[in-house]
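*Asks:* If it helps, the file is called data-v5.txt and holds compact mmCIF, C-alpha atoms (C1' of nucleotides):
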```
# COMPACT_ATOMS: atom_id res chain seq x y z
CA MET A 24 -31.98 -14.27 -35.76
CA VAL A 25 -30.08 -11.34 -34.39
CA THR A 26 -31.29 -7.76 -34.56
CA GLY A 27 -29.10 -4.76 -33.95
CA SER A 28 -31.30 -3.49 -31.17
CA ASP A 29 -31.02 -6.55 -28.95
CA PRO A 30 -28.80 -5.48 -26.05
CA LEU A 31 -27.66 -9.02 -25.36
CA VAL A 32 -26.32 -9.79 -28.80
CA GLY A 33 -26.00 -6.30 -30.23
CA ASP A 34 -23.13 -4.41 -31.78
CA ASN A 35 -20.93 -4.63 -28.72
CA SER A 36 -20.03 -0.98 -29.20
CA ASN A 37 -19.15 -0.60 -25.54
CA ASN A 38 -16.47 -3.23 -25.92
CA ALA A 39 -18.09 -5.62 -23.46
CA PRO A 40 -16.92 -9.21 -23.33
CA VAL A 41 -18.38 -11.27 -26.11
CA ASP A 42 -19.43 -14.23 -24.02
CA GLY A 43 -19.40 -15.64 -20.53
CA VAL A 44 -15.93 -17.13 -20.75
CA GLN A 45 -14.90 -15.93 -17.29
CA PRO A 46 -16.63 -18.14 -14.74
CA ARG A 47 -16.68 -16.43 -11.43
CA LEU A 48 -13.91 -14.01 -11.80
CA THR A 49 -15.08 -10.92 -10.04
CA ARG A 50 -18.37 -12.19 -8.73
CA ARG A 51 -17.79 -13.96 -5.42
CA SER A 52 -14.02 -13.83 -5.65
CA LEU A 53 -12.39 -14.54 -2.32
CA PRO A 54 -9.50 -12.06 -2.65
CA ILE A 55 -11.88 -9.26 -3.59
CA ALA A 56 -14.36 -10.22 -0.89
CA LEU A 57 -11.57 -10.11 1.69
CA LEU A 58 -10.40 -6.73 0.46
CA ARG A 59 -13.88 -5.29 0.44
CA ALA A 60 -14.64 -6.58 3.92
CA ARG A 61 -11.40 -5.20 5.23
CA GLU A 62 -12.08 -1.81 3.71
CA SER A 63 -15.53 -1.79 5.24
CA VAL A 64 -14.20 -2.65 8.69
CA MET A 65 -11.21 -0.31 8.64
CA ALA A 66 -13.39 2.59 7.54
CA LYS A 67 -14.87 2.43 11.03
CA PHE A 68 -11.50 2.60 12.77
CA ARG A 69 -9.51 4.96 10.58
CA PRO A 70 -11.08 8.28 11.59
CA MET A 71 -10.53 7.48 15.25
CA LEU A 72 -6.90 6.53 14.64
CA ALA A 73 -6.37 9.65 12.54
CA ARG A 74 -7.49 11.79 15.48
CA HIS A 75 -4.55 10.29 17.36
CA ASP A 76 -2.15 10.78 14.42
CA MET A 77 -1.90 7.08 13.79
CA ASN A 78 -2.39 4.99 10.72
CA GLU A 79 -3.35 1.32 10.75
CA GLN A 80 0.15 0.01 10.50
CA GLN A 81 1.57 2.21 13.21
CA TRP A 82 -1.26 1.21 15.50
CA ARG A 83 -0.59 -2.46 14.88
CA VAL A 84 3.10 -2.03 15.61
CA ILE A 85 2.63 -0.03 18.78
CA ARG A 86 -0.13 -2.30 20.01
CA ILE A 87 1.86 -5.47 19.51
CA LEU A 88 4.85 -4.00 21.29
CA GLY A 89 2.50 -3.02 24.08
CA GLU A 90 1.26 -6.56 24.42
CA ALA A 91 4.48 -8.45 23.85
CA GLY A 92 7.13 -6.14 25.28
CA GLU A 93 10.51 -5.78 23.61
CA LEU A 94 10.81 -7.55 20.25
CA ASP A 95 13.39 -7.72 17.51
CA ALA A 96 12.49 -6.24 14.14
CA THR A 97 11.86 -9.52 12.35
CA GLU A 98 9.52 -10.83 15.00
CA LEU A 99 7.71 -7.50 15.14
CA ALA A 100 7.29 -7.29 11.38
CA ASP A 101 5.93 -10.82 11.40
CA ARG A 102 3.37 -10.19 14.09
CA ALA A 103 2.29 -6.77 12.83
CA LEU A 104 1.98 -8.03 9.27
CA VAL A 105 4.26 -5.40 7.79
CA LEU A 106 7.21 -6.08 5.52
CA ALA A 107 10.72 -5.55 6.77
CA PRO A 108 11.45 -2.51 4.56
CA SER A 109 8.23 -0.87 5.70
CA LEU A 110 9.10 -1.51 9.32
CA THR A 111 12.54 0.03 8.82
CA ARG A 112 10.89 3.25 7.67
CA MET A 113 8.24 3.17 10.35
CA ILE A 114 10.90 2.72 13.02
CA LYS A 115 12.57 5.96 11.98
CA SER A 116 9.33 7.86 12.18
CA LEU A 117 8.16 6.32 15.45
CA LYS A 118 11.55 6.95 16.99
CA THR A 119 11.39 10.61 15.98
CA ARG A 120 7.97 10.79 17.60
CA LYS A 121 9.50 9.25 20.73
CA LEU A 122 7.06 6.36 20.73
CA ILE A 123 9.71 3.64 20.58
CA THR A 124 13.30 3.11 21.69
CA LEU A 125 15.93 0.91 20.07
CA ARG A 126 18.92 -1.02 21.31
CA LYS A 127 21.29 -3.55 19.84
CA ASP A 128 21.04 -7.15 20.97
CA LYS A 129 24.25 -7.88 22.93
CA GLU A 130 24.28 -11.56 22.02
CA ASP A 131 23.51 -11.03 18.33
CA GLY A 132 24.84 -7.83 16.82
CA ARG A 133 22.55 -8.11 13.82
CA ARG A 134 19.37 -7.73 15.80
CA THR A 135 17.66 -4.48 16.72
CA LEU A 136 15.49 -4.74 19.80
CA ILE A 137 12.48 -2.44 19.88
CA SER A 138 10.28 -1.39 22.75
CA ILE A 139 7.71 1.31 23.35
CA THR A 140 8.06 4.38 25.55
CA PRO A 141 5.73 5.52 28.34
CA ALA A 142 4.33 8.07 25.87
CA ALA A 143 3.30 5.21 23.63
CA ARG A 144 1.67 3.42 26.57
CA LYS A 145 -0.26 6.57 27.26
CA LEU A 146 -1.38 6.63 23.64
CA ILE A 147 -2.45 3.01 23.85
CA ALA A 148 -4.42 3.80 26.97
CA GLU A 149 -6.23 6.53 25.06
CA ILE A 150 -6.90 4.61 21.88
CA SER A 151 -7.78 1.21 23.33
CA PRO A 152 -11.12 2.15 24.86
CA GLU A 153 -12.25 3.86 21.67
CA SER A 154 -11.10 0.91 19.61
CA MET A 155 -12.92 -1.51 21.86
CA GLN A 156 -16.09 0.52 21.62
CA ILE A 157 -15.98 0.45 17.84
CA TYR A 158 -15.38 -3.26 17.98
CA ARG A 159 -18.31 -3.79 20.31
CA ASP A 160 -20.58 -1.79 18.01
CA LEU A 161 -19.38 -3.87 15.10
CA GLU A 162 -20.01 -7.07 16.98
CA LYS A 163 -23.44 -5.88 17.96
CA SER A 164 -24.59 -5.01 14.45
CA PHE A 165 -22.99 -8.06 12.88
CA GLY A 166 -23.86 -10.55 15.56
CA LYS A 167 -21.55 -12.12 18.10
CA ASP A 168 -22.01 -15.64 16.76
CA GLU A 169 -21.52 -14.56 13.16
CA MET A 170 -18.35 -12.82 14.21
CA GLU A 171 -17.03 -15.95 15.87
CA ARG A 172 -17.86 -18.03 12.81
CA LEU A 173 -16.17 -15.51 10.56
CA LEU A 174 -13.03 -15.40 12.70
CA ASP A 175 -12.86 -19.19 12.69
CA LEU A 176 -13.15 -19.34 8.91
CA LEU A 177 -10.56 -16.59 8.43
CA GLU A 178 -8.17 -18.38 10.74
CA ALA A 179 -8.65 -21.56 8.72
CA VAL A 180 -7.96 -19.71 5.46
CA SER A 181 -4.79 -18.23 6.93
CA LYS A 182 -3.46 -21.71 7.61
CA LEU A 183 -3.88 -23.03 4.06
CA MET B 17 4.53 -13.85 48.15
CA VAL B 18 6.53 -12.81 45.12
CA THR B 19 10.01 -14.01 44.39
CA GLY B 20 12.29 -12.38 41.88
CA SER B 21 12.61 -15.53 39.85
CA ASP B 22 8.91 -15.95 39.13
CA PRO B 23 8.57 -15.21 35.39
CA LEU B 24 4.94 -14.19 35.76
CA VAL B 25 5.46 -11.47 38.32
CA GLY B 26 9.15 -10.88 37.90
CA ASP B 27 11.19 -7.80 37.14
CA ASN B 28 9.51 -7.00 33.84
CA SER B 29 12.90 -6.28 32.34
CA ASN B 30 11.64 -6.97 28.85
CA ASN B 31 9.16 -4.14 29.16
CA ALA B 32 6.13 -6.37 28.80
CA PRO B 33 2.71 -5.02 29.73
CA VAL B 34 2.12 -5.13 33.44
CA ASP B 35 -1.32 -6.68 33.35
CA GLY B 36 -4.06 -7.88 31.02
CA VAL B 37 -5.64 -4.51 30.43
CA GLN B 38 -6.10 -5.08 26.70
CA PRO B 39 -9.01 -7.47 26.22
CA ARG B 40 -8.83 -8.95 22.79
CA LEU B 41 -6.74 -6.48 21.02
CA THR B 42 -4.55 -8.56 18.80
CA ARG B 43 -5.95 -11.96 19.57
CA ARG B 44 -8.97 -12.61 17.35
CA SER B 45 -9.09 -9.09 15.96
CA LEU B 46 -11.23 -8.90 12.84
CA PRO B 47 -9.09 -6.37 10.94
CA ILE B 48 -5.97 -8.43 11.54
CA ALA B 49 -7.72 -11.69 10.74
CA LEU B 50 -8.91 -10.21 7.44
CA LEU B 51 -5.44 -8.98 6.60
CA ARG B 52 -3.81 -12.28 7.46
CA ALA B 53 -6.35 -14.25 5.44
CA ARG B 54 -5.91 -11.96 2.49
CA GLU B 55 -2.15 -12.30 2.63
CA SER B 56 -2.47 -16.05 2.79
CA VAL B 57 -4.77 -16.17 -0.24
CA MET B 58 -2.87 -13.66 -2.36
CA ALA B 59 0.39 -15.48 -1.76
CA LYS B 60 -1.05 -18.23 -3.94
CA PHE B 61 -1.89 -15.87 -6.81
CA ARG B 62 0.98 -13.40 -6.79
CA PRO B 63 3.72 -15.57 -8.30
CA MET B 64 1.44 -16.48 -11.21
CA LEU B 65 0.51 -12.84 -11.81
CA ALA B 66 4.16 -11.81 -11.57
CA ARG B 67 5.01 -14.21 -14.37
CA HIS B 68 2.62 -12.19 -16.51
CA ASP B 69 4.06 -8.86 -15.31
CA MET B 70 0.92 -8.01 -13.40
CA ASN B 71 0.31 -7.01 -9.83
CA GLU B 72 -2.93 -7.54 -7.96
CA GLN B 73 -4.33 -4.13 -8.67
CA GLN B 74 -3.56 -4.17 -12.36
CA TRP B 75 -5.15 -7.57 -12.66
CA ARG B 76 -8.30 -6.36 -10.91
CA VAL B 77 -8.54 -3.35 -13.23
CA ILE B 78 -7.98 -5.28 -16.43
CA ARG B 79 -10.30 -8.06 -15.37
CA ILE B 80 -13.14 -5.74 -14.49
CA LEU B 81 -12.82 -3.91 -17.78
CA GLY B 82 -12.85 -7.26 -19.48
CA GLU B 83 -16.09 -8.20 -17.81
CA ALA B 84 -17.87 -4.87 -17.90
CA GLY B 85 -16.59 -3.27 -21.07
CA GLU B 86 -15.88 0.43 -21.24
CA LEU B 87 -16.13 2.26 -17.90
CA ASP B 88 -15.40 5.74 -16.67
CA ALA B 89 -12.58 6.17 -14.17
CA THR B 90 -14.78 6.65 -11.12
CA GLU B 91 -16.85 3.55 -11.78
CA LEU B 92 -13.73 1.53 -12.50
CA ALA B 93 -11.95 2.69 -9.35
CA ASP B 94 -15.04 1.79 -7.37
CA ARG B 95 -15.36 -1.70 -8.75
CA ALA B 96 -11.63 -2.48 -8.68
CA LEU B 97 -11.28 -1.18 -5.13
CA VAL B 98 -8.49 1.23 -5.93
CA LEU B 99 -8.43 4.91 -5.02
CA ALA B 100 -8.75 7.53 -7.71
CA PRO B 101 -5.16 8.78 -7.45
CA SER B 102 -3.87 5.23 -7.71
CA LEU B 103 -6.00 4.62 -10.76
CA THR B 104 -4.71 7.78 -12.41
CA ARG B 105 -1.17 6.47 -12.10
CA MET B 106 -2.10 2.97 -13.16
CA ILE B 107 -3.85 4.33 -16.25
CA LYS B 108 -0.62 5.95 -17.42
CA SER B 109 1.31 2.76 -17.01
CA LEU B 110 -1.35 0.51 -18.56
CA LYS B 111 -1.71 2.89 -21.49
CA THR B 112 2.04 2.81 -22.08
CA ARG B 113 1.85 -0.96 -22.06
CA LYS B 114 -0.98 -0.72 -24.62
CA LEU B 115 -3.36 -2.68 -22.43
CA ILE B 116 -6.01 0.06 -22.30
CA THR B 117 -7.27 2.92 -24.46
CA LEU B 118 -8.83 6.16 -23.31
CA ARG B 119 -11.35 8.56 -24.78
CA LYS B 120 -13.29 11.54 -23.54
CA ASP B 121 -17.01 11.20 -22.88
CA LYS B 122 -18.76 13.34 -25.47
CA GLU B 123 -21.74 14.09 -23.23
CA ASP B 124 -19.68 14.88 -20.14
CA GLY B 125 -16.28 16.40 -20.79
CA ARG B 126 -15.09 15.57 -17.31
CA ARG B 127 -15.25 11.84 -17.74
CA THR B 128 -12.52 9.61 -19.11
CA LEU B 129 -13.82 6.40 -20.63
CA ILE B 130 -11.50 3.43 -20.39
CA SER B 131 -11.52 0.16 -22.25
CA ILE B 132 -9.08 -2.67 -22.81
CA THR B 133 -7.21 -3.54 -25.97
CA PRO B 134 -7.11 -6.89 -27.77
CA ALA B 135 -3.68 -7.40 -26.22
CA ALA B 136 -5.28 -7.15 -22.79
CA ARG B 137 -7.94 -9.65 -23.79
CA LYS B 138 -5.19 -11.99 -24.84
CA LEU B 139 -3.56 -11.51 -21.45
CA ILE B 140 -6.84 -12.24 -19.71
CA ALA B 141 -7.22 -15.37 -21.78
CA GLU B 142 -3.80 -16.50 -20.59
CA ILE B 143 -4.19 -15.62 -16.94
CA SER B 144 -7.79 -16.67 -16.38
CA PRO B 145 -7.28 -20.43 -16.63
CA GLU B 146 -4.32 -20.31 -14.26
CA SER B 147 -6.26 -18.14 -11.87
CA MET B 148 -9.22 -20.48 -11.98
CA GLN B 149 -7.01 -23.45 -11.32
CA ILE B 150 -5.53 -21.81 -8.24
CA TYR B 151 -9.03 -20.94 -7.11
CA ARG B 152 -10.21 -24.50 -7.59
CA ASP B 153 -7.27 -25.84 -5.60
CA LEU B 154 -8.07 -23.36 -2.87
CA GLU B 155 -11.69 -24.38 -2.85
CA LYS B 156 -10.72 -28.01 -2.75
CA SER B 157 -8.40 -27.72 0.24
CA PHE B 158 -10.66 -25.33 2.11
CA GLY B 159 -13.94 -26.97 1.27
CA LYS B 160 -16.62 -25.74 -1.09
CA ASP B 161 -19.24 -25.27 1.61
CA GLU B 162 -16.81 -23.47 3.91
CA MET B 163 -15.91 -21.19 1.04
CA GLU B 164 -19.56 -20.34 0.43
CA ARG B 165 -20.14 -19.65 4.12
CA LEU B 166 -17.06 -17.45 4.24
CA LEU B 167 -18.09 -15.48 1.17
CA ASP B 168 -21.56 -14.95 2.64
CA LEU B 169 -20.12 -13.67 5.90
CA LEU B 170 -17.64 -11.40 4.13
CA GLU B 171 -20.41 -9.98 2.00
CA ALA B 172 -22.43 -9.28 5.12
CA VAL B 173 -19.49 -7.50 6.76
CA SER B 174 -19.01 -5.37 3.68
CA LYS B 175 -22.54 -4.08 3.99
CA LEU B 176 -22.25 -2.91 7.57
C1' DG C 19 -27.32 34.36 -18.01
C1' DT C 20 -23.94 34.91 -14.52
C1' DT C 21 -22.36 33.13 -10.24
C1' DA C 22 -21.93 29.45 -6.92
C1' DT C 23 -21.78 24.76 -6.06
C1' DT C 24 -20.94 20.13 -7.21
C1' DT C 25 -18.58 16.50 -9.58
C1' DG C 26 -14.76 13.82 -12.25
C1' DA C 27 -10.15 13.61 -12.59
C1' DT C 28 -5.45 14.93 -11.66
C1' DT C 29 -1.54 16.50 -8.91
C1' DA C 30 1.13 16.80 -4.76
C1' DA C 31 3.16 14.99 -0.69
C1' DC C 32 4.05 11.57 2.27
C1' DA C 33 3.35 6.63 3.86
C1' DT C 34 3.39 1.75 3.10
C1' DG C 35 3.75 -2.50 -0.26
C1' DT C 36 6.90 -5.16 -2.94
C1' DT C 37 11.00 -7.18 -4.88
C1' DA C 38 15.87 -7.25 -5.35
C1' DA C 39 20.31 -5.98 -3.91
C1' DA C 40 23.57 -4.53 -0.43
C1' DT C 41 25.56 -4.69 4.21
C1' DA C 42 26.90 -6.53 8.50
C1' DT C 43 27.12 -10.07 11.78
C1' DA C 44 26.67 -15.13 12.97
C1' DA C 45 27.22 -19.74 12.32
C1' DG C 46 28.99 -23.83 9.96
C1' DC C 47 32.97 -26.29 8.04
C1' DG C 48 37.14 -28.04 6.33
C1' DC D 23 41.81 -20.11 11.56
C1' DG D 24 39.97 -18.77 6.86
C1' DC D 25 36.08 -19.36 3.96
C1' DT D 26 31.49 -20.16 2.85
C1' DT D 27 26.79 -19.91 3.90
C1' DA D 28 22.92 -18.22 6.43
C1' DT D 29 20.46 -14.61 8.87
C1' DA D 30 18.92 -9.69 10.38
C1' DT D 31 18.47 -5.42 8.75
C1' DT D 32 18.81 -1.70 5.58
C1' DT D 33 18.77 0.57 1.10
C1' DA D 34 17.07 1.29 -3.46
C1' DA D 35 13.58 1.66 -6.86
C1' DC D 36 9.17 1.61 -8.24
C1' DA D 37 4.08 0.82 -7.27
C1' DT D 38 0.00 1.65 -4.65
C1' DG D 39 -2.50 3.79 -0.36
C1' DT D 40 -4.11 8.01 1.66
C1' DT D 41 -5.47 12.73 2.35
C1' DA D 42 -5.74 17.34 0.74
C1' DA D 43 -5.55 20.62 -2.81
C1' DT D 44 -6.22 21.88 -7.60
C1' DC D 45 -8.50 22.23 -12.12
C1' DA D 46 -11.96 21.80 -15.50
C1' DA D 47 -16.57 20.84 -16.77
C1' DA D 48 -21.35 20.34 -15.46
C1' DT D 49 -25.22 21.63 -12.69
C1' DA D 50 -27.94 24.43 -9.55
C1' DA D 51 -29.32 28.84 -7.81
C1' DC D 52 -30.30 33.04 -8.09
```
Would you give me this structure, written as C-alpha cells?

*Replies:*
Amino acid sequence: MVTGSDPLVGDNSNNAPVDGVQPRLTRRSLPIALLRARESVMAKFRPMLARHDMNEQQWRVIRILGEAGELDATELADRALVLAPSLTRMIKSLKTRKLITLRKDKEDGRRTLISITPAARKLIAEISPESMQIYRDLEKSFGKDEMERLLDLLEAVSKL
Amino acid sequence: MVTGSDPLVGDNSNNAPVDGVQPRLTRRSLPIALLRARESVMAKFRPMLARHDMNEQQWRVIRILGEAGELDATELADRALVLAPSLTRMIKSLKTRKLITLRKDKEDGRRTLISITPAARKLIAEISPESMQIYRDLEKSFGKDEMERLLDLLEAVSKL
DNA sequence: GTTATTTGATTAACATGTTAAATATAAGCG
DNA sequence: CGCTTATATTTAACATGTTAATCAAATAAC
C-alpha cells in the first residue's frame, strides 16, 4: 500500500524519475569522471598560467613548439590537442604577442611552419619551474605509484 | 668532437630546444593524458548524440535533470560540470526546443527551478540504450576491472 | 528597520570547441 | 598537359569555456 507521505513512492511533485531505468548513467560515468578529474587538476595550474597571461591551450602550443622545434600547423594541432580552426585563431594572437613566427614551407606551399621566438623561450623558462612544482605537489599528495598507474590506464584508454 | 652532420648536436636549424631542460613536460603529463583520454572516449559517443541533435553538455544537463528531477540552476550547473554563464545560454536554447521548463522558486525569488518535459524524457529513453551499448562495448574492450580501477583513481584525483 | 553584505542568475567580452564549407596547393591519372 | 582527387589551412557560424561586471533578491549587521 502506498501513502502520500512516503518519499520513495510519493506524488513525484518534483518531477523526479519514476523508476531506476537508467543504470549507471551519471554515477561512475567515465566521460564525466574524466572531465571532473581534469577540472580538478587544471584548477591547480590555471591561476599560475593566468599570472603569465596564458591559458591552457596557449601553454600547450608554446610548450610543444619549445620541445619539438618548428612544426607545421597540422602536426602542431595534433600534438597540442587543439582543432585546426582553433589553432588558426591562436596563431594570430600568438603572432601579435610576438611569441611565434611563421614561414611558408618551400617544398609544399600549403604548409605553414611555426616556431617560437626567444621571448617565448623566456616565458617557458619562467613557467616551467612553477609548473613542475605544482606537478610535484600533485604527485606527492596523490602518490607517485598511483600517478603512474593512472597514467598507464589513461594511455590505454586513449588507444581504444 | 662535433661534426656539422651529426643530427644530435648539429646546427639546430629547425629551432629545436638545445638541451633536455624540460623534464616531463609533455611526456606523461597528467592534464594532457586526461584530455587525450577524454577525447578518445567522447569520440565514441559524439556521433550518436549528434544524430539526436545533442552535444555533450546538453546531454549531461538533460540526463541529470532526468535523474534528479527539478533542480535550481546553480545545483544543475554544478552537477553537469558546466559554468553558470554557459548554462544560462543552454537554458534558452533547451527551452526553445521545449526540452525543459522553468519556474521561479516561491521561497527564494533569486532561484530558477528547472525541470525536463515529457519530450525530453522521450529523448532520454531513445538515447540511453544507445549510450549504454557504447559504454558496454567500451567496458568490454578495456576490461571491466581496469575500468573500475580507472574510475577509482579518477575519483581520487577529483578530490585532491 | 535601514544599510551593507552575500548569493543566484544574467550579461558582456573574448577565447576555444565543433562542424561544414571554401580556398589554395599538391599529387595522381588518363 | 588537363582534369580529378587529396591535403593543408582558413573562414564561417554557432556553441561552450572563462573571467569580470551587473542586477535583483535574500540575509546579516548595525

*Asks:* Please report, as CSV, each residue of chain A lying at most 9 Å from chain C, together with the nearest pair of atoms and the separation in Å rounded to one decimal; use all atoms listed in the file, and order rows by chain and ascending residue number.

*Replies:*
```
residue,atom,partner,partner_atom,distance
A:Gln80,CA,C:DT34,C1',8.3
A:Val105,CA,C:DG35,C1',8.6
A:Leu106,CA,C:DG35,C1',7.6
A:Ser109,CA,C:DT34,C1',6.1
A:Arg112,CA,C:DT34,C1',8.9
A:Met113,CA,C:DA33,C1',8.8
A:Asp131,CA,C:DA44,C1',7.5
A:Gly132,CA,C:DT43,C1',6.0
A:Arg133,CA,C:DT43,C1',5.4
```

*Asks:* Can I get the selection written as a compact mmCIF listing (two decimals), in the frame of the given file, with C-alpha atoms?

*Replies:*
```
# COMPACT_ATOMS: atom_id res chain seq x y z
CA GLN A 80 0.15 0.01 10.50
CA VAL A 105 4.26 -5.40 7.79
CA LEU A 106 7.21 -6.08 5.52
CA SER A 109 8.23 -0.87 5.70
CA ARG A 112 10.89 3.25 7.67
CA MET A 113 8.24 3.17 10.35
CA ASP A 131 23.51 -11.03 18.33
CA GLY A 132 24.84 -7.83 16.82
CA ARG A 133 22.55 -8.11 13.82
```

*Asks:* What residues in chain A have any atom no more than 7 Å from chain B when counting all atoms listed in the file, and can you write them as a count of residues only?

*Replies:* 27

*Asks:* Can I have chain A aligned to chain B? Use a least-squares fit on all Cα atoms paired in order and write it out as a short mmCIF file (atom, residue, chain, number, x, y, z; two decimals) with C-alpha atoms, in the coordinates of the input.

*Replies:*
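So the final result, stored in superposed_15.cif, reads:
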```cif
data_model
loop_
_atom_site.label_atom_id
_atom_site.label_comp_id
_atom_site.auth_asym_id
_atom_site.auth_seq_id
_atom_site.Cartn_x
_atom_site.Cartn_y
_atom_site.Cartn_z
CA MET A 24 4.54 -13.24 48.03
CA VAL A 25 6.47 -12.35 44.94
CA THR A 26 9.89 -13.73 44.11
CA GLY A 27 12.18 -12.28 41.49
CA SER A 28 12.37 -15.53 39.60
CA ASP A 29 8.66 -15.88 38.92
CA PRO A 30 8.25 -15.14 35.21
CA LEU A 31 4.65 -14.04 35.64
CA VAL A 32 5.25 -11.35 38.21
CA GLY A 33 8.98 -10.82 37.82
CA ASP A 34 11.08 -7.76 37.14
CA ASN A 35 9.43 -6.98 33.84
CA SER A 36 12.86 -6.32 32.37
CA ASN A 37 11.62 -7.04 28.87
CA ASN A 38 9.16 -4.20 29.16
CA ALA A 39 6.12 -6.44 28.79
CA PRO A 40 2.71 -5.08 29.68
CA VAL A 41 2.11 -5.08 33.39
CA ASP A 42 -1.34 -6.59 33.32
CA GLY A 43 -4.06 -7.85 31.04
CA VAL A 44 -5.62 -4.46 30.41
CA GLN A 45 -6.05 -5.04 26.68
CA PRO A 46 -8.95 -7.43 26.20
CA ARG A 47 -8.76 -8.98 22.82
CA LEU A 48 -6.65 -6.55 21.00
CA THR A 49 -4.47 -8.63 18.78
CA ARG A 50 -5.88 -12.02 19.57
CA ARG A 51 -8.89 -12.67 17.36
CA SER A 52 -9.01 -9.16 15.95
CA LEU A 53 -11.16 -8.96 12.86
CA PRO A 54 -9.03 -6.44 10.94
CA ILE A 55 -5.90 -8.49 11.53
CA ALA A 56 -7.66 -11.75 10.73
CA LEU A 57 -8.87 -10.27 7.44
CA LEU A 58 -5.40 -9.03 6.59
CA ARG A 59 -3.78 -12.33 7.43
CA ALA A 60 -6.31 -14.30 5.43
CA ARG A 61 -5.88 -12.02 2.47
CA GLU A 62 -2.12 -12.35 2.60
CA SER A 63 -2.43 -16.11 2.75
CA VAL A 64 -4.75 -16.22 -0.25
CA MET A 65 -2.87 -13.71 -2.39
CA ALA A 66 0.41 -15.52 -1.79
CA LYS A 67 -1.05 -18.27 -3.97
CA PHE A 68 -1.90 -15.92 -6.83
CA ARG A 69 0.97 -13.46 -6.82
CA PRO A 70 3.70 -15.61 -8.37
CA MET A 71 1.42 -16.52 -11.25
CA LEU A 72 0.50 -12.88 -11.84
CA ALA A 73 4.14 -11.85 -11.62
CA ARG A 74 4.97 -14.27 -14.44
CA HIS A 75 2.58 -12.21 -16.56
CA ASP A 76 4.03 -8.89 -15.34
CA MET A 77 0.91 -8.04 -13.41
CA ASN A 78 0.32 -7.04 -9.85
CA GLU A 79 -2.94 -7.57 -7.98
CA GLN A 80 -4.33 -4.16 -8.67
CA GLN A 81 -3.57 -4.18 -12.36
CA TRP A 82 -5.17 -7.59 -12.67
CA ARG A 83 -8.31 -6.37 -10.93
CA VAL A 84 -8.54 -3.36 -13.21
CA ILE A 85 -7.99 -5.26 -16.42
CA ARG A 86 -10.31 -8.05 -15.37
CA ILE A 87 -13.16 -5.73 -14.48
CA LEU A 88 -12.81 -3.88 -17.75
CA GLY A 89 -12.87 -7.24 -19.47
CA GLU A 90 -16.11 -8.16 -17.80
CA ALA A 91 -17.87 -4.82 -17.87
CA GLY A 92 -16.60 -3.21 -21.06
CA GLU A 93 -15.88 0.50 -21.22
CA LEU A 94 -16.12 2.31 -17.88
CA ASP A 95 -15.38 5.78 -16.62
CA ALA A 96 -12.57 6.18 -14.11
CA THR A 97 -14.75 6.65 -11.05
CA GLU A 98 -16.83 3.58 -11.72
CA LEU A 99 -13.71 1.56 -12.46
CA ALA A 100 -11.93 2.68 -9.31
CA ASP A 101 -15.03 1.77 -7.33
CA ARG A 102 -15.34 -1.70 -8.74
CA ALA A 103 -11.62 -2.51 -8.67
CA LEU A 104 -11.28 -1.22 -5.12
CA VAL A 105 -8.48 1.19 -5.92
CA LEU A 106 -8.42 4.86 -4.99
CA ALA A 107 -8.76 7.50 -7.65
CA PRO A 108 -5.15 8.76 -7.39
CA SER A 109 -3.85 5.21 -7.68
CA LEU A 110 -6.00 4.60 -10.73
CA THR A 111 -4.69 7.78 -12.35
CA ARG A 112 -1.16 6.43 -12.06
CA MET A 113 -2.10 2.95 -13.14
CA ILE A 114 -3.84 4.33 -16.22
CA LYS A 115 -0.62 5.95 -17.37
CA SER A 116 1.31 2.74 -16.99
CA LEU A 117 -1.34 0.50 -18.56
CA LYS A 118 -1.69 2.90 -21.45
CA THR A 119 2.06 2.81 -22.06
CA ARG A 120 1.85 -0.98 -22.06
CA LYS A 121 -0.97 -0.70 -24.61
CA LEU A 122 -3.38 -2.64 -22.43
CA ILE A 123 -6.01 0.09 -22.28
CA THR A 124 -7.26 2.96 -24.43
CA LEU A 125 -8.82 6.22 -23.28
CA ARG A 126 -11.34 8.62 -24.72
CA LYS A 127 -13.24 11.61 -23.45
CA ASP A 128 -16.95 11.28 -22.80
CA LYS A 129 -18.69 13.47 -25.41
CA GLU A 130 -21.66 14.22 -23.17
CA ASP A 131 -19.60 14.97 -20.06
CA GLY A 132 -16.19 16.48 -20.68
CA ARG A 133 -15.01 15.64 -17.18
CA ARG A 134 -15.20 11.91 -17.66
CA THR A 135 -12.48 9.67 -19.04
CA LEU A 136 -13.80 6.47 -20.57
CA ILE A 137 -11.48 3.48 -20.35
CA SER A 138 -11.52 0.22 -22.22
CA ILE A 139 -9.09 -2.62 -22.77
CA THR A 140 -7.24 -3.50 -25.97
CA PRO A 141 -7.15 -6.85 -27.76
CA ALA A 142 -3.70 -7.37 -26.22
CA ALA A 143 -5.29 -7.12 -22.80
CA ARG A 144 -7.98 -9.62 -23.80
CA LYS A 145 -5.24 -11.96 -24.87
CA LEU A 146 -3.60 -11.52 -21.48
CA ILE A 147 -6.87 -12.23 -19.73
CA ALA A 148 -7.27 -15.36 -21.80
CA GLU A 149 -3.85 -16.50 -20.62
CA ILE A 150 -4.23 -15.63 -16.97
CA SER A 151 -7.83 -16.69 -16.40
CA PRO A 152 -7.32 -20.44 -16.67
CA GLU A 153 -4.35 -20.34 -14.31
CA SER A 154 -6.28 -18.17 -11.89
CA MET A 155 -9.25 -20.50 -11.99
CA GLN A 156 -7.03 -23.48 -11.34
CA ILE A 157 -5.55 -21.84 -8.27
CA TYR A 158 -9.02 -21.00 -7.11
CA ARG A 159 -10.21 -24.55 -7.60
CA ASP A 160 -7.25 -25.88 -5.61
CA LEU A 161 -8.04 -23.41 -2.88
CA GLU A 162 -11.67 -24.43 -2.84
CA LYS A 163 -10.69 -28.06 -2.73
CA SER A 164 -8.36 -27.77 0.24
CA PHE A 165 -10.62 -25.38 2.12
CA GLY A 166 -13.91 -27.02 1.31
CA LYS A 167 -16.58 -25.80 -1.06
CA ASP A 168 -19.18 -25.33 1.66
CA GLU A 169 -16.76 -23.53 3.95
CA MET A 170 -15.89 -21.24 1.09
CA GLU A 171 -19.53 -20.41 0.48
CA ARG A 172 -20.08 -19.73 4.17
CA LEU A 173 -17.02 -17.52 4.29
CA LEU A 174 -18.07 -15.54 1.21
CA ASP A 175 -21.52 -15.02 2.70
CA LEU A 176 -20.07 -13.74 5.97
CA LEU A 177 -17.61 -11.45 4.18
CA GLU A 178 -20.39 -10.04 2.05
CA ALA A 179 -22.40 -9.35 5.20
CA VAL A 180 -19.44 -7.58 6.82
CA SER A 181 -18.98 -5.44 3.72
CA LYS A 182 -22.53 -4.17 4.05
CA LEU A 183 -22.23 -2.99 7.66
#
```
